[in-house]
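Below: one structure, written as structure tokens.
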Amino acid sequence: MKNEELTALIHRAALDAGFDLCGIAPATDAAELKHFPAWIAAGRAGEMKYMEARDEQGELRRSSLARVAPWARSVIVCALNYNTEHPYSTQMHDPNKGWISRYAWSREDYHDAVLRRLKQVEAALREEPWSGERPRPPDLITRSYVDTGPIVERVFAKYAGIGWIGKNTCIINQKKGSWLFLGVILTSLDLTPDGSAWNPPAPDRCGTCTRCIEACPTDAIVAPYQLDSNKCISYLTIEKRGSIPEDLRPGMGRHIFGCDICQDVCPWNRKAPVTTAPEFEPRPGLVNPALAEFAEKLAEMSEEEFRETFRGSPIRRARRSGLRRNAAIAMGNSGNRDFLPILDRLSADQDESVAESARWAKTLLLSSAK
């Protein structure tokens with residue numbers, strides 16, 4: 001099988017699996033990865049210790065694919081659109097509503113949805129009857145990852161021709177926008193890259209636009225293409241354990257899980273197509289949840305009920321404690337004093353991060369009413 005035939009096979013298999021975009025990048029260390037150690041050293045990964053994983057020599061695993069997977073010659077990058085027809089967070093102004101990030105509305109955790117499709121592409125690569133000038137290598141190696149491997153996906157997505165890395169650090173495609181889940185397949189095959197010299201990576205089309213930077217309510221995008229996770233609402237509501245710094249709470253608004261603001265305001269998402277993947281249609285009750293109902297349920301919800309309610313959902317990542325803490329802060333930011341009775345109950349909660357957040361929210365509501 002010739003190289004161009006193999007590339008065509010991979011693209012066809014990705015399309016058959018339901019991916020919206022597919023590209024191939026060389027498994028070399030791109031220039032962008034040189035900035036990763038400095039980003040980690042500056043503490044901008046927050047409490048996400050998995051980002052700091054190191055190899056036996058003490059080097060950061062994600063800073064060099066060539067070092068952690070020396071057998072890899074190519075990276076197949078696949079992208080799956082998760083946009084829906086529902087309004088963006090910037091279009092929702094009801095103070096009694098909370099916000100759950102678009103990616104977490106799904107009926108299935110995106111890790112599972114993307115990995116299942118990657119495995120289908122991987123199987124096609126292995127099972128296709130090779131012949132002619134290029135027989136299947138007897139030692140063919142493939143590895144599929146969705147946010148779990150020693151790789152910074154968006155960097156390889158850039159060199160695979162999927163899109164460019166925007167000022168908000170998301171990968172952006174000129175036709176699809178940025179509502180994209182990325183998955184990668186590392187392979188020992190030496191494939192012709194889609195982002196090669198004769199088909200270069202997409203140029204940066206952010207231009208002079210700074211809407212994402214200006215719209216971030218916690219100033220997490222500290223400079224173009226630079227994100228401080230410690231200030232990011234997505235990080236604070238999902239990854240951060242314990243109490244959230246008080247100075248960042250007002251900027252969190254009514255966000256309960258994740259944040260979409262920097263993508264909501266991106267001009268490239270104005271005409272972003274709607275996903276055709278059925279599993280990304282929202283679960284009932286997850287889109288713009290009523291804060292009162294949401295908080296009341298959580299206040300009485302046991303750990304077992306939490307696991308059952310959010311089975312298969314990314315929301316479980318925040319844990320019951322984090323979700324209740326976030327809801328308390330969102331109620332405080334709502335300006336609605338009707339939430340005071342709920343906050344009263346939460347103020348005595350056994351979980352101190354929940355109780356302290358509820359007390360802060362009560363104080364905010366009472367002071368704003370004067």
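Chains: A, B, ... in order of the structure tokens. Residues: from 1 per chain. Ligands: from 1, in order shown.
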What are the closest atom pairs, with distances in Å to one decimal, for each residue of range 29-109 of chain A lying within 12 Å of range 273-288 of chain A, using only C-alpha atoms, rows by chain and rising residue number, as a Markdown table?
| residue | atom | partner | partner_atom | distance |
| --- | --- | --- | --- | --- |
| A:Ala79 | CA | A:Thr275 | CA | 11.6 |
| A:Leu80 | CA | A:Thr275 | CA | 8.2 |
| A:Asn81 | CA | A:Thr275 | CA | 5.3 |
| A:Tyr82 | CA | A:Thr275 | CA | 5.2 |
| A:Asn83 | CA | A:Val274 | CA | 5.1 |
| A:Thr84 | CA | A:Val274 | CA | 5.1 |
| A:Glu85 | CA | A:Val274 | CA | 6.2 |
| A:His86 | CA | A:Val287 | CA | 8.4 |
| A:Pro87 | CA | A:Val287 | CA | 9.5 |
| A:Tyr88 | CA | A:Asn288 | CA | 10.0 |
| A:Ser89 | CA | A:Asn288 | CA | 8.6 |
| A:Thr90 | CA | A:Asn288 | CA | 11.8 |
| A:Gln91 | CA | A:Asn288 | CA | 11.1 |
| A:Met92 | CA | A:Asn288 | CA | 8.3 |
| A:His93 | CA | A:Asn288 | CA | 10.3 |
| A:Asp94 | CA | A:Asn288 | CA | 9.3 |
| A:Pro95 | CA | A:Asn288 | CA | 10.6 |
| A:Asn96 | CA | A:Asn288 | CA | 9.3 |
| A:Lys97 | CA | A:Asn288 | CA | 5.6 |
| A:Gly98 | CA | A:Asn288 | CA | 5.3 |
| A:Trp99 | CA | A:Asn288 | CA | 5.0 |
| A:Ile100 | CA | A:Asn288 | CA | 6.6 |
| A:Ser101 | CA | A:Val287 | CA | 8.6 |
| A:Arg102 | CA | A:Val287 | CA | 8.1 |
| A:Tyr103 | CA | A:Phe280 | CA | 7.7 |
| A:Ala104 | CA | A:Pro282 | CA | 8.3 |
| A:Trp105 | CA | A:Pro282 | CA | 4.5 |
| A:Ser106 | CA | A:Phe280 | CA | 4.2 |
| A:Arg107 | CA | A:Glu279 | CA | 5.2 |
| A:Glu108 | CA | A:Glu279 | CA | 5.8 |
| A:Asp109 | CA | A:Glu279 | CA | 8.7 |
Item to complete: Please provide the set of residues having any atom within 8 Å of Ser353 in chain A, restricted to only C-alpha atoms, with same-chain residues fewer than 3 positions apart removed, written as a count of residues only.
Response: 6
Check your understanding: Which neighbours of range 110-120 of chain A fall inside 9 Å, counting only C-alpha atoms, when residues of the same chain fewer than 6 positions from it are skipped, and could you give them as an NGL selection string?
Key -> :A and (13-14 or 16-19 or 78-80 or 103-104 or 144-147 or 181-185 or 279-280 or 312-314)
(request) Please identify which residues in range 83-305 of chain A DSSP calls alpha helix (DSSP H) from the backbone, and express them as a PyMOL selection string. (result) chain A and resi 110-127+153-159+211-215+233-238+261-264+291-300+303-305
Residues of range 180-276 of chain A that approach range 59-69 of chain A to 10 Å or less, counting only C-alpha atoms: could you list each one with the shortest pair of atoms and its distance in Å to one decimal, rows by chain and increasing residue number, as a Markdown table?
| residue | atom | partner | partner_atom | distance |
| --- | --- | --- | --- | --- |
| A:Leu186 | CA | A:Ala69 | CA | 8.5 |
| A:Thr187 | CA | A:Ala69 | CA | 9.6 |
| A:Ser188 | CA | A:Ala69 | CA | 9.5 |
Problem - Contacts of Trp268 in chain A at 9 Å (only C-alpha atoms; same-chain gap of 3+ positions) as a ChimeraX atom specification - result: /A:172-178,206,263,265,271-272
*DSSP-assigned strand (DSSP E or B) members of range 211-345 of chain A, reported as number ranges by chain*: A: 221-223, 226-227, 255-257, 290
- Item | Among listed residues A:Gln350, A:Thr363, A:Thr309, A:Thr210, nearest Gly332 in chain A (using only C-alpha atoms) |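 Between A:Gln350, A:Thr363, A:Thr309, A:Thr210, the residue approaching Gly332 in chain A most closely is A:Thr363.
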Selection near range 22-29 of chain A, 8 Å with only C-alpha atoms, sequence-local residues under 2 positions removed, as a ChimeraX atom specification: /A:11,14-15,19-20,31,33,63-66,72-79,156-157,159-162,186,191-195
Using only C-alpha atoms, the best pick from A:Glu56, A:Glu296, A:Asp260, A:Glu32 as closest to Leu343 in chain A would be A:Glu296
